[in-house]
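Asks: Input model36.txt, format and content: compact mmCIF, C-alpha atoms.
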```
# COMPACT_ATOMS: atom_id res chain seq x y z
CA MET A 764 35.46 -38.41 -20.61
CA SER A 765 35.00 -41.77 -22.26
CA ASP A 766 37.06 -43.04 -25.12
CA ILE A 767 35.87 -42.38 -28.62
CA ALA A 768 35.16 -45.43 -30.80
CA PRO A 769 35.82 -44.64 -34.45
CA SER A 770 34.36 -46.88 -37.13
CA GLY A 771 35.97 -45.32 -40.20
CA THR A 772 32.64 -43.92 -41.43
CA PRO A 773 32.65 -40.66 -43.43
CA GLY A 774 31.55 -37.69 -41.37
CA GLU A 775 31.80 -39.43 -38.02
CA VAL A 776 34.36 -36.98 -36.67
CA ASP A 777 31.54 -34.53 -36.11
CA ARG A 778 29.93 -36.72 -33.46
CA LEU A 779 33.13 -38.27 -32.11
CA VAL A 780 34.67 -34.95 -31.17
CA GLN A 781 33.52 -33.79 -27.75
CA TRP A 782 32.66 -30.18 -28.48
CA ASN A 783 32.40 -28.19 -25.27
CA GLU A 784 29.40 -26.15 -24.15
CA GLN A 785 30.46 -23.41 -26.57
CA GLY A 786 30.80 -25.92 -29.39
CA LEU A 787 34.60 -25.69 -29.30
CA VAL A 788 37.62 -27.90 -28.79
CA THR A 789 41.27 -27.09 -28.31
CA ALA A 790 43.18 -27.12 -31.59
CA ILE A 791 46.95 -27.43 -31.55
CA ALA A 792 49.11 -26.71 -34.59
CA GLN A 793 52.34 -28.66 -34.76
CA ASP A 794 55.00 -28.47 -37.44
CA LYS A 795 54.98 -31.96 -38.89
CA ALA A 796 58.60 -31.82 -40.00
CA THR A 797 60.25 -30.34 -36.93
CA GLY A 798 57.75 -31.29 -34.21
CA ASP A 799 57.56 -27.71 -32.96
CA VAL A 800 54.28 -26.92 -31.25
CA LEU A 801 53.39 -23.69 -32.99
CA MET A 802 50.19 -22.44 -31.42
CA VAL A 803 47.03 -23.39 -29.57
CA ALA A 804 43.65 -22.05 -30.54
CA TRP A 805 40.04 -23.24 -30.76
CA ALA A 806 38.02 -25.00 -33.44
CA ASN A 807 34.30 -25.47 -33.87
CA ARG A 808 32.58 -27.89 -36.28
CA GLU A 809 32.74 -25.42 -39.12
CA ALA A 810 36.44 -24.68 -38.59
CA LEU A 811 37.26 -28.38 -38.62
CA ALA A 812 35.11 -28.97 -41.72
CA LYS A 813 36.83 -26.12 -43.51
CA THR A 814 40.26 -27.37 -42.47
CA LEU A 815 39.47 -30.82 -43.85
CA ALA A 816 37.93 -29.44 -47.06
CA THR A 817 40.60 -26.87 -47.87
CA GLY A 818 43.74 -28.30 -46.27
CA LYS A 819 44.37 -24.92 -44.63
CA ALA A 820 44.36 -24.69 -40.84
CA THR A 821 41.17 -22.95 -39.78
CA TYR A 822 40.20 -21.98 -36.25
CA TRP A 823 37.40 -20.22 -34.42
CA SER A 824 38.41 -16.84 -33.12
CA ARG A 825 36.69 -16.30 -29.79
CA SER A 826 37.67 -12.63 -29.69
CA ARG A 827 36.48 -11.86 -33.22
CA LYS A 828 33.66 -14.44 -33.10
CA LYS A 829 34.37 -15.74 -36.57
CA LEU A 830 36.15 -18.43 -38.53
CA TRP A 831 39.79 -17.69 -38.92
CA THR A 832 41.88 -19.33 -41.59
CA LYS A 833 45.42 -18.78 -40.41
CA GLY A 834 47.29 -16.58 -42.87
CA GLU A 835 44.25 -15.01 -44.49
CA GLU A 836 45.62 -11.66 -43.39
CA SER A 837 49.28 -12.34 -42.66
CA GLY A 838 49.85 -14.61 -45.63
CA TYR A 839 51.38 -17.23 -43.32
CA VAL A 840 49.05 -20.06 -44.24
CA GLN A 841 49.40 -23.42 -42.45
CA LEU A 842 48.98 -26.29 -44.89
CA VAL A 843 47.48 -29.19 -42.99
CA LEU A 844 49.12 -32.52 -43.74
CA GLU A 845 47.21 -34.49 -41.14
CA VAL A 846 44.49 -33.97 -38.56
CA ARG A 847 44.38 -36.07 -35.42
CA THR A 848 42.19 -36.26 -32.35
CA ASP A 849 42.87 -37.74 -28.95
CA CYS A 850 41.51 -40.69 -27.01
CA ASP A 851 38.52 -38.86 -25.58
CA GLY A 852 38.01 -36.57 -28.57
CA ASP A 853 38.39 -33.29 -26.73
CA ALA A 854 41.34 -31.91 -28.66
CA LEU A 855 42.50 -31.67 -32.27
CA LEU A 856 46.06 -31.75 -33.52
CA TYR A 857 46.78 -30.13 -36.87
CA LEU A 858 50.08 -31.36 -38.29
CA VAL A 859 51.13 -28.62 -40.63
CA ASP A 860 53.66 -27.46 -43.16
CA ALA A 861 54.05 -23.79 -42.34
CA PRO A 862 57.35 -22.19 -43.20
CA GLY A 863 56.32 -18.78 -41.87
CA PRO A 864 55.87 -17.62 -38.30
CA ALA A 865 52.85 -19.00 -36.48
CA CYS A 866 52.88 -16.22 -33.92
CA HIS A 867 51.65 -12.70 -34.52
CA GLN A 868 54.90 -11.64 -32.87
CA LEU A 869 56.54 -13.06 -36.01
CA ARG A 870 58.12 -15.82 -34.00
CA ARG A 871 58.13 -19.35 -35.28
CA SER A 872 56.06 -20.59 -32.34
CA CYS A 873 53.78 -18.82 -29.91
CA PHE A 874 55.50 -20.73 -27.10
CA SER A 875 58.34 -18.26 -26.85
CA HIS A 876 58.30 -17.93 -23.07
CA ARG A 877 60.22 -20.28 -20.80
CA VAL A 878 59.02 -20.67 -17.23
CA ASP A 879 61.80 -21.36 -14.74
CA ARG A 880 61.51 -23.27 -11.51
CA ASP A 881 61.27 -20.05 -9.47
CA GLY A 882 58.26 -18.95 -11.51
CA SER A 883 60.18 -16.34 -13.49
CA VAL A 884 59.44 -16.14 -17.20
CA HIS A 885 62.03 -15.59 -19.91
CA THR A 886 61.29 -14.77 -23.50
CA ASP A 887 63.31 -16.28 -26.33
CA ARG A 888 65.48 -13.83 -28.17
CA PRO A 889 64.20 -13.08 -31.65
CA THR A 890 65.73 -15.29 -34.28
CA ILE A 891 66.43 -14.51 -37.88
CA ALA A 892 64.69 -17.12 -40.01
CA MET B 1159 44.06 -11.61 -25.44
CA SER B 1160 47.01 -9.28 -25.09
CA ASP B 1161 50.62 -10.33 -25.07
CA ILE B 1162 52.24 -11.16 -21.79
CA ALA B 1163 55.26 -9.09 -20.79
CA PRO B 1164 57.64 -11.13 -18.66
CA SER B 1165 60.26 -9.36 -16.57
CA GLY B 1166 62.17 -12.38 -15.27
CA THR B 1167 60.89 -11.88 -11.72
CA PRO B 1168 60.43 -14.93 -9.47
CA GLY B 1169 56.79 -15.96 -9.16
CA GLU B 1170 55.54 -13.79 -12.00
CA VAL B 1171 54.20 -16.76 -13.97
CA ASP B 1172 51.24 -16.80 -11.62
CA ARG B 1173 49.97 -13.44 -12.82
CA LEU B 1174 51.22 -13.73 -16.40
CA VAL B 1175 49.24 -16.88 -17.12
CA GLN B 1176 45.69 -16.08 -18.15
CA TRP B 1177 43.78 -18.54 -16.00
CA ASN B 1178 40.25 -18.95 -17.31
CA GLU B 1179 37.05 -18.44 -15.32
CA GLN B 1180 37.61 -21.86 -13.71
CA GLY B 1181 41.20 -20.97 -12.87
CA LEU B 1182 42.53 -23.31 -15.54
CA VAL B 1183 44.67 -23.25 -18.65
CA THR B 1184 45.32 -25.83 -21.30
CA ALA B 1185 48.44 -27.87 -20.57
CA ILE B 1186 50.11 -29.82 -23.35
CA ALA B 1187 52.70 -32.51 -22.72
CA GLN B 1188 55.26 -32.95 -25.47
CA ASP B 1189 58.11 -35.44 -25.57
CA LYS B 1190 61.15 -33.19 -25.66
CA ALA B 1191 63.32 -35.71 -27.47
CA THR B 1192 60.94 -36.90 -30.19
CA GLY B 1193 58.58 -33.93 -30.43
CA ASP B 1194 55.52 -36.18 -30.05
CA VAL B 1195 52.54 -34.38 -28.59
CA LEU B 1196 51.55 -36.83 -25.89
CA MET B 1197 48.42 -35.44 -24.27
CA VAL B 1198 46.39 -32.36 -23.50
CA ALA B 1199 44.93 -31.68 -20.09
CA TRP B 1200 44.32 -28.76 -17.74
CA ALA B 1201 46.44 -27.04 -15.12
CA ASN B 1202 45.52 -24.65 -12.34
CA ARG B 1203 47.92 -22.52 -10.27
CA GLU B 1204 48.57 -25.32 -7.84
CA ALA B 1205 49.26 -27.86 -10.60
CA LEU B 1206 51.77 -25.55 -12.23
CA ALA B 1207 53.41 -24.75 -8.89
CA LYS B 1208 53.73 -28.45 -8.11
CA THR B 1209 55.10 -29.18 -11.57
CA LEU B 1210 57.76 -26.50 -11.14
CA ALA B 1211 58.61 -27.61 -7.60
CA THR B 1212 58.78 -31.34 -8.23
CA GLY B 1213 59.73 -31.60 -11.89
CA LYS B 1214 56.86 -34.06 -12.40
CA ALA B 1215 54.04 -33.13 -14.75
CA THR B 1216 51.00 -32.28 -12.67
CA TYR B 1217 47.56 -31.41 -13.96
CA TRP B 1218 44.12 -30.60 -12.65
CA SER B 1219 41.62 -33.37 -13.21
CA ARG B 1220 38.27 -31.79 -13.98
CA SER B 1221 36.46 -35.10 -13.65
CA ARG B 1222 38.03 -36.05 -10.32
CA LYS B 1223 38.31 -32.43 -9.15
CA LYS B 1224 41.80 -32.87 -7.82
CA LEU B 1225 45.46 -32.44 -8.58
CA TRP B 1226 46.78 -35.21 -10.72
CA THR B 1227 50.47 -35.97 -10.96
CA LYS B 1228 50.74 -38.08 -14.05
CA GLY B 1229 51.95 -41.55 -13.15
CA GLU B 1230 50.97 -41.48 -9.48
CA GLU B 1231 48.79 -44.50 -10.20
CA SER B 1232 50.13 -45.89 -13.46
CA GLY B 1233 53.78 -45.34 -12.61
CA TYR B 1234 54.29 -43.58 -15.94
CA VAL B 1235 55.65 -40.35 -14.55
CA GLN B 1236 56.47 -37.48 -16.91
CA LEU B 1237 59.68 -35.77 -15.90
CA VAL B 1238 59.42 -32.13 -16.90
CA LEU B 1239 62.54 -30.78 -18.55
CA GLU B 1240 61.07 -27.41 -19.45
CA VAL B 1241 57.85 -25.48 -19.03
CA ARG B 1242 56.80 -22.89 -21.58
CA THR B 1243 53.86 -20.57 -22.07
CA ASP B 1244 52.59 -18.86 -25.17
CA CYS B 1245 52.39 -15.26 -26.31
CA ASP B 1246 49.10 -14.50 -24.58
CA GLY B 1247 49.68 -16.81 -21.63
CA ASP B 1248 46.64 -19.00 -22.12
CA ALA B 1249 48.39 -22.33 -22.56
CA LEU B 1250 51.27 -24.22 -20.98
CA LEU B 1251 53.64 -26.59 -22.72
CA TYR B 1252 55.37 -29.22 -20.60
CA LEU B 1253 58.41 -30.62 -22.38
CA VAL B 1254 58.90 -34.01 -20.83
CA ASP B 1255 61.03 -37.09 -20.67
CA ALA B 1256 58.46 -39.87 -20.41
CA PRO B 1257 59.48 -43.23 -21.73
CA GLY B 1258 56.16 -44.86 -20.87
CA PRO B 1259 52.76 -44.45 -22.47
CA ALA B 1260 51.06 -41.09 -21.90
CA CYS B 1261 47.65 -42.48 -22.74
CA HIS B 1262 45.54 -44.62 -20.46
CA GLN B 1263 45.07 -46.84 -23.52
CA LEU B 1264 48.77 -47.62 -23.08
CA ARG B 1265 49.58 -45.85 -26.32
CA ARG B 1266 52.53 -43.54 -26.54
CA SER B 1267 50.34 -40.55 -27.31
CA CYS B 1268 46.68 -39.84 -26.73
CA PHE B 1269 46.49 -38.57 -30.31
CA SER B 1270 46.03 -42.03 -31.76
CA HIS B 1271 43.14 -41.14 -34.07
CA ARG B 1272 43.68 -39.81 -37.59
CA VAL B 1273 40.89 -37.77 -39.13
CA ASP B 1274 40.66 -38.12 -42.90
CA ARG B 1275 39.37 -35.55 -45.33
CA ASP B 1276 35.96 -37.26 -45.54
CA GLY B 1277 35.54 -36.95 -41.77
CA SER B 1278 36.21 -40.61 -41.09
CA VAL B 1279 38.41 -41.43 -38.12
CA HIS B 1280 41.05 -44.16 -38.04
CA THR B 1281 42.81 -45.41 -34.98
CA ASP B 1282 46.50 -46.28 -35.04
CA ARG B 1283 47.22 -49.93 -34.66
CA PRO B 1284 48.72 -50.80 -31.30
CA THR B 1285 52.48 -50.79 -31.31
CA ILE B 1286 54.85 -52.85 -29.26
CA ALA B 1287 57.14 -50.48 -27.43
```
Could you take the file, read its structure, and then write that structure out as structure tokens?

Replies:
Amino acid sequence: MSDIAPSGTPGEVDRLVQWNEQGLVTAIAQDKATGDVLMVAWANREALAKTLATGKATYWSRSRKKLWTKGEESGYVQLVLEVRTDCDGDALLYLVDAPGPACHQLRRSCFSHRVDRDGSVHTDRPTIA
Amino acid sequence: MSDIAPSGTPGEVDRLVQWNEQGLVTAIAQDKATGDVLMVAWANREALAKTLATGKATYWSRSRKKLWTKGEESGYVQLVLEVRTDCDGDALLYLVDAPGPACHQLRRSCFSHRVDRDGSVHTDRPTIA
């Protein structure tokens, strides 16, 4: 948990990111225009490399055990405008332009459940885009 | 990785959240007013319960192996305006009012490093708040 020290050298992200024991880090997709946090998934080296090369948000699917470019099936591609990492390099933030739903429930964001103080959970009503 | 099905019952968040094998989930702090993603950490049941009870963002520190209410040392408390969870319950989103820096580097957000297409990493210049 020490701070990363970037030098601006091509390719350095690969060693600066603190991949976990499964070779993964948390990857958050955020709508760059609205600030909405859309979803949280995982990325490995290859997913990050593909995201940077193609400009399309790519993750590692732990359930399917394969690279997953968001929208390859649904059509709801996330165009990545910027990639960021945090002070200790254990998370990635994809700032995206993604007009479609990020959630497989066809909601804008996966974070559709509000947790109240009493521990009850309330789901947003569907919205018409 | 199935969708959670909230019923609005007090306390249900405890079973709806998909705590991992260490009893943790990813917890993201986002500035509710500006949309800035401030930091990513971990929460366990106790951290979430304390967050809901006190309205102060509380995490589980894996390095220190203890509950960590943000700001208890730095003074930069994050007041939690809303807690959300995602479709499959494996992440929490704390929407906070936190005028101070979230990062121990005294930056507003921990995500101070931009990753360029060539894999080089560039750190934001310090800003004067």

Asks: For Gln1236 of chain B, which residue out of B:Val1273, B:Ala1163, B:Leu1196, B:Leu1174 is the nearest one, using only C-alpha atoms?

Replies: B:Leu1196

Asks: Would you mind aligning chain A to chain B, a least-squares fit over all C-alpha atoms taken in order, and returning the superposed chain as a PDB file with C-alpha atoms, in the frame of the given file?

Replies:
```
ATOM      1  CA  MET A 764      44.099 -11.603 -25.476  1.00  0.00           C
ATOM      2  CA  SER A 765      47.032  -9.267 -25.075  1.00  0.00           C
ATOM      3  CA  ASP A 766      50.623 -10.336 -25.068  1.00  0.00           C
ATOM      4  CA  ILE A 767      52.239 -11.172 -21.783  1.00  0.00           C
ATOM      5  CA  ALA A 768      55.267  -9.082 -20.774  1.00  0.00           C
ATOM      6  CA  PRO A 769      57.659 -11.135 -18.664  1.00  0.00           C
ATOM      7  CA  SER A 770      60.269  -9.371 -16.565  1.00  0.00           C
ATOM      8  CA  GLY A 771      62.184 -12.390 -15.275  1.00  0.00           C
ATOM      9  CA  THR A 772      60.903 -11.881 -11.717  1.00  0.00           C
ATOM     10  CA  PRO A 773      60.431 -14.949  -9.483  1.00  0.00           C
ATOM     11  CA  GLY A 774      56.806 -15.963  -9.157  1.00  0.00           C
ATOM     12  CA  GLU A 775      55.545 -13.805 -11.997  1.00  0.00           C
ATOM     13  CA  VAL A 776      54.196 -16.756 -13.959  1.00  0.00           C
ATOM     14  CA  ASP A 777      51.243 -16.816 -11.604  1.00  0.00           C
ATOM     15  CA  ARG A 778      49.991 -13.441 -12.809  1.00  0.00           C
ATOM     16  CA  LEU A 779      51.222 -13.726 -16.396  1.00  0.00           C
ATOM     17  CA  VAL A 780      49.249 -16.867 -17.117  1.00  0.00           C
ATOM     18  CA  GLN A 781      45.692 -16.078 -18.161  1.00  0.00           C
ATOM     19  CA  TRP A 782      43.767 -18.535 -16.024  1.00  0.00           C
ATOM     20  CA  ASN A 783      40.235 -18.955 -17.320  1.00  0.00           C
ATOM     21  CA  GLU A 784      37.051 -18.435 -15.317  1.00  0.00           C
ATOM     22  CA  GLN A 785      37.600 -21.841 -13.709  1.00  0.00           C
ATOM     23  CA  GLY A 786      41.190 -20.958 -12.874  1.00  0.00           C
ATOM     24  CA  LEU A 787      42.521 -23.313 -15.555  1.00  0.00           C
ATOM     25  CA  VAL A 788      44.658 -23.238 -18.668  1.00  0.00           C
ATOM     26  CA  THR A 789      45.316 -25.831 -21.323  1.00  0.00           C
ATOM     27  CA  ALA A 790      48.424 -27.879 -20.576  1.00  0.00           C
ATOM     28  CA  ILE A 791      50.092 -29.820 -23.362  1.00  0.00           C
ATOM     29  CA  ALA A 792      52.695 -32.512 -22.726  1.00  0.00           C
ATOM     30  CA  GLN A 793      55.247 -32.956 -25.475  1.00  0.00           C
ATOM     31  CA  ASP A 794      58.104 -35.430 -25.581  1.00  0.00           C
ATOM     32  CA  LYS A 795      61.148 -33.192 -25.658  1.00  0.00           C
ATOM     33  CA  ALA A 796      63.309 -35.725 -27.466  1.00  0.00           C
ATOM     34  CA  THR A 797      60.940 -36.907 -30.173  1.00  0.00           C
ATOM     35  CA  GLY A 798      58.560 -33.937 -30.430  1.00  0.00           C
ATOM     36  CA  ASP A 799      55.520 -36.180 -30.049  1.00  0.00           C
ATOM     37  CA  VAL A 800      52.532 -34.375 -28.594  1.00  0.00           C
ATOM     38  CA  LEU A 801      51.531 -36.822 -25.899  1.00  0.00           C
ATOM     39  CA  MET A 802      48.406 -35.454 -24.276  1.00  0.00           C
ATOM     40  CA  VAL A 803      46.377 -32.355 -23.506  1.00  0.00           C
ATOM     41  CA  ALA A 804      44.926 -31.695 -20.097  1.00  0.00           C
ATOM     42  CA  TRP A 805      44.321 -28.760 -17.749  1.00  0.00           C
ATOM     43  CA  ALA A 806      46.428 -27.036 -15.113  1.00  0.00           C
ATOM     44  CA  ASN A 807      45.508 -24.645 -12.341  1.00  0.00           C
ATOM     45  CA  ARG A 808      47.928 -22.514 -10.284  1.00  0.00           C
ATOM     46  CA  GLU A 809      48.569 -25.316  -7.849  1.00  0.00           C
ATOM     47  CA  ALA A 810      49.252 -27.870 -10.592  1.00  0.00           C
ATOM     48  CA  LEU A 811      51.751 -25.545 -12.237  1.00  0.00           C
ATOM     49  CA  ALA A 812      53.424 -24.757  -8.896  1.00  0.00           C
ATOM     50  CA  LYS A 813      53.728 -28.445  -8.128  1.00  0.00           C
ATOM     51  CA  THR A 814      55.097 -29.182 -11.591  1.00  0.00           C
ATOM     52  CA  LEU A 815      57.759 -26.507 -11.157  1.00  0.00           C
ATOM     53  CA  ALA A 816      58.611 -27.601  -7.599  1.00  0.00           C
ATOM     54  CA  THR A 817      58.767 -31.341  -8.216  1.00  0.00           C
ATOM     55  CA  GLY A 818      59.727 -31.609 -11.886  1.00  0.00           C
ATOM     56  CA  LYS A 819      56.858 -34.062 -12.395  1.00  0.00           C
ATOM     57  CA  ALA A 820      54.037 -33.120 -14.756  1.00  0.00           C
ATOM     58  CA  THR A 821      50.993 -32.279 -12.668  1.00  0.00           C
ATOM     59  CA  TYR A 822      47.541 -31.419 -13.965  1.00  0.00           C
ATOM     60  CA  TRP A 823      44.097 -30.594 -12.643  1.00  0.00           C
ATOM     61  CA  SER A 824      41.621 -33.367 -13.203  1.00  0.00           C
ATOM     62  CA  ARG A 825      38.258 -31.803 -13.966  1.00  0.00           C
ATOM     63  CA  SER A 826      36.451 -35.131 -13.649  1.00  0.00           C
ATOM     64  CA  ARG A 827      38.025 -36.059 -10.312  1.00  0.00           C
ATOM     65  CA  LYS A 828      38.303 -32.427  -9.149  1.00  0.00           C
ATOM     66  CA  LYS A 829      41.800 -32.868  -7.803  1.00  0.00           C
ATOM     67  CA  LEU A 830      45.465 -32.432  -8.593  1.00  0.00           C
ATOM     68  CA  TRP A 831      46.776 -35.222 -10.702  1.00  0.00           C
ATOM     69  CA  THR A 832      50.459 -35.972 -10.947  1.00  0.00           C
ATOM     70  CA  LYS A 833      50.728 -38.099 -14.050  1.00  0.00           C
ATOM     71  CA  GLY A 834      51.945 -41.577 -13.148  1.00  0.00           C
ATOM     72  CA  GLU A 835      50.958 -41.479  -9.494  1.00  0.00           C
ATOM     73  CA  GLU A 836      48.785 -44.497 -10.189  1.00  0.00           C
ATOM     74  CA  SER A 837      50.135 -45.892 -13.449  1.00  0.00           C
ATOM     75  CA  GLY A 838      53.785 -45.368 -12.609  1.00  0.00           C
ATOM     76  CA  TYR A 839      54.286 -43.590 -15.945  1.00  0.00           C
ATOM     77  CA  VAL A 840      55.643 -40.357 -14.534  1.00  0.00           C
ATOM     78  CA  GLN A 841      56.467 -37.483 -16.917  1.00  0.00           C
ATOM     79  CA  LEU A 842      59.691 -35.774 -15.893  1.00  0.00           C
ATOM     80  CA  VAL A 843      59.426 -32.143 -16.902  1.00  0.00           C
ATOM     81  CA  LEU A 844      62.550 -30.785 -18.557  1.00  0.00           C
ATOM     82  CA  GLU A 845      61.084 -27.418 -19.453  1.00  0.00           C
ATOM     83  CA  VAL A 846      57.862 -25.478 -19.033  1.00  0.00           C
ATOM     84  CA  ARG A 847      56.814 -22.899 -21.589  1.00  0.00           C
ATOM     85  CA  THR A 848      53.869 -20.583 -22.067  1.00  0.00           C
ATOM     86  CA  ASP A 849      52.595 -18.857 -25.167  1.00  0.00           C
ATOM     87  CA  CYS A 850      52.387 -15.258 -26.315  1.00  0.00           C
ATOM     88  CA  ASP A 851      49.109 -14.494 -24.581  1.00  0.00           C
ATOM     89  CA  GLY A 852      49.692 -16.813 -21.627  1.00  0.00           C
ATOM     90  CA  ASP A 853      46.638 -18.987 -22.117  1.00  0.00           C
ATOM     91  CA  ALA A 854      48.390 -22.313 -22.561  1.00  0.00           C
ATOM     92  CA  LEU A 855      51.273 -24.227 -20.992  1.00  0.00           C
ATOM     93  CA  LEU A 856      53.636 -26.599 -22.732  1.00  0.00           C
ATOM     94  CA  TYR A 857      55.357 -29.229 -20.615  1.00  0.00           C
ATOM     95  CA  LEU A 858      58.404 -30.627 -22.399  1.00  0.00           C
ATOM     96  CA  VAL A 859      58.893 -34.004 -20.835  1.00  0.00           C
ATOM     97  CA  ASP A 860      61.028 -37.095 -20.661  1.00  0.00           C
ATOM     98  CA  ALA A 861      58.474 -39.869 -20.388  1.00  0.00           C
ATOM     99  CA  PRO A 862      59.481 -43.252 -21.702  1.00  0.00           C
ATOM    100  CA  GLY A 863      56.146 -44.855 -20.828  1.00  0.00           C
ATOM    101  CA  PRO A 864      52.764 -44.429 -22.463  1.00  0.00           C
ATOM    102  CA  ALA A 865      51.062 -41.094 -21.899  1.00  0.00           C
ATOM    103  CA  CYS A 866      47.648 -42.473 -22.751  1.00  0.00           C
ATOM    104  CA  HIS A 867      45.534 -44.609 -20.462  1.00  0.00           C
ATOM    105  CA  GLN A 868      45.058 -46.817 -23.513  1.00  0.00           C
ATOM    106  CA  LEU A 869      48.765 -47.611 -23.072  1.00  0.00           C
ATOM    107  CA  ARG A 870      49.580 -45.843 -26.291  1.00  0.00           C
ATOM    108  CA  ARG A 871      52.539 -43.542 -26.511  1.00  0.00           C
ATOM    109  CA  SER A 872      50.345 -40.537 -27.298  1.00  0.00           C
ATOM    110  CA  CYS A 873      46.680 -39.845 -26.727  1.00  0.00           C
ATOM    111  CA  PHE A 874      46.491 -38.570 -30.310  1.00  0.00           C
ATOM    112  CA  SER A 875      46.023 -42.022 -31.757  1.00  0.00           C
ATOM    113  CA  HIS A 876      43.139 -41.141 -34.061  1.00  0.00           C
ATOM    114  CA  ARG A 877      43.668 -39.806 -37.568  1.00  0.00           C
ATOM    115  CA  VAL A 878      40.884 -37.767 -39.126  1.00  0.00           C
ATOM    116  CA  ASP A 879      40.640 -38.127 -42.897  1.00  0.00           C
ATOM    117  CA  ARG A 880      39.346 -35.561 -45.327  1.00  0.00           C
ATOM    118  CA  ASP A 881      35.936 -37.270 -45.524  1.00  0.00           C
ATOM    119  CA  GLY A 882      35.531 -36.956 -41.760  1.00  0.00           C
ATOM    120  CA  SER A 883      36.190 -40.633 -41.081  1.00  0.00           C
ATOM    121  CA  VAL A 884      38.402 -41.443 -38.115  1.00  0.00           C
ATOM    122  CA  HIS A 885      41.044 -44.158 -38.046  1.00  0.00           C
ATOM    123  CA  THR A 886      42.812 -45.404 -34.975  1.00  0.00           C
ATOM    124  CA  ASP A 887      46.504 -46.259 -35.029  1.00  0.00           C
ATOM    125  CA  ARG A 888      47.258 -49.919 -34.665  1.00  0.00           C
ATOM    126  CA  PRO A 889      48.771 -50.765 -31.302  1.00  0.00           C
ATOM    127  CA  THR A 890      52.531 -50.745 -31.344  1.00  0.00           C
ATOM    128  CA  ILE A 891      54.909 -52.799 -29.297  1.00  0.00           C
ATOM    129  CA  ALA A 892      57.232 -50.430 -27.462  1.00  0.00           C
TER     130      ALA A 892
END
```

Asks: Measure the distance from atom CA of Thr1216 of chain B to atom CA of Lys1228 of chain B in Å and round it to one decimal.

Replies: 6.0 Å

Asks: Find the distance between atom CA of Asp766 of chain A and atom CA of Gln781 of chain A and write it in Å to one decimal.

Replies: 10.2 Å

Asks: For Ala810 of chain A, which of A:Trp782, A:Trp823, A:Phe874, A:Tyr857 is the closest residue, counting all atoms listed in the file?

Replies: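 Among the listed residues, A:Trp823 lies closest to Ala810 of chain A.
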
Asks: Between A:His876, A:Lys795, A:His867, A:Arg827, single out the one closest to chain B, counting all atoms listed in the file.

Replies: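 The shortest atom-to-atom distance to chain B comes from A:His876.
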
Asks: Using only C-alpha atoms, determine which residues of chain B fall within 6 Å of chain A; present them as a list in words.

Replies: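 On the chain B side, the interface is Pro1164, Gly1166, Thr1167, Pro1168, Gly1169, Glu1170, Val1171, Gly1193, Leu1210, Val1241, Arg1242, Thr1243, Asp1244, Cys1245, Cys1268, Phe1269, His1271, Arg1272, Val1273, Arg1275, Asp1276, Gly1277, Ser1278, Val1279 and His1280 of chain B.
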
Asks: Residues as selected, C-alpha atoms, written as a tab-separated table (two decimals), keeping the file's coordinate frame, can you do that?

Replies:
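The resulting file, again.tsv, is reproduced below:
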```tsv
chain	number	residue	atom	x	y	z
B	1164	PRO	CA	57.64	-11.13	-18.66
B	1166	GLY	CA	62.17	-12.38	-15.27
B	1167	THR	CA	60.89	-11.88	-11.72
B	1168	PRO	CA	60.43	-14.93	-9.47
B	1169	GLY	CA	56.79	-15.96	-9.16
B	1170	GLU	CA	55.54	-13.79	-12.00
B	1171	VAL	CA	54.20	-16.76	-13.97
B	1193	GLY	CA	58.58	-33.93	-30.43
B	1210	LEU	CA	57.76	-26.50	-11.14
B	1241	VAL	CA	57.85	-25.48	-19.03
B	1242	ARG	CA	56.80	-22.89	-21.58
B	1243	THR	CA	53.86	-20.57	-22.07
B	1244	ASP	CA	52.59	-18.86	-25.17
B	1245	CYS	CA	52.39	-15.26	-26.31
B	1268	CYS	CA	46.68	-39.84	-26.73
B	1269	PHE	CA	46.49	-38.57	-30.31
B	1271	HIS	CA	43.14	-41.14	-34.07
B	1272	ARG	CA	43.68	-39.81	-37.59
B	1273	VAL	CA	40.89	-37.77	-39.13
B	1275	ARG	CA	39.37	-35.55	-45.33
B	1276	ASP	CA	35.96	-37.26	-45.54
B	1277	GLY	CA	35.54	-36.95	-41.77
B	1278	SER	CA	36.21	-40.61	-41.09
B	1279	VAL	CA	38.41	-41.43	-38.12
B	1280	HIS	CA	41.05	-44.16	-38.04
```

Asks: Tell me which of B:Val1238, B:Trp1200, B:Val1183, B:Val1254 sits closest to Trp1226 of chain B, counting all atoms listed in the file.

Replies: B:Trp1200

Asks: Padding 8 Å on each side, edges along x, y and z: where is the centre of the box around the listed atoms of segment 809-826 of chain A, and how long are its edges in Å to one decimal? Output it as JSON.

Replies:
```
{"center_x": 38.6, "center_y": -21.7, "center_z": -38.8, "size_x": 27.6, "size_y": 34.2, "size_z": 34.2}
```

Asks: State, in Å with one decimal place, the distance from atom CA of Leu844 of chain A to atom CA of Ala806 of chain A.

Replies: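 We find that atom CA of Leu844 of chain A and atom CA of Ala806 of chain A lie 16.9 Å from each other.
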
Asks: Using all atoms listed in the file, which residues sit within 9 Å of Pro1257 of chain B once same-chain residues fewer than 2 positions away are excluded, as a PyMOL selection string?

Replies: chain B and resi 1189+1234-1236+1255+1259-1260+1266
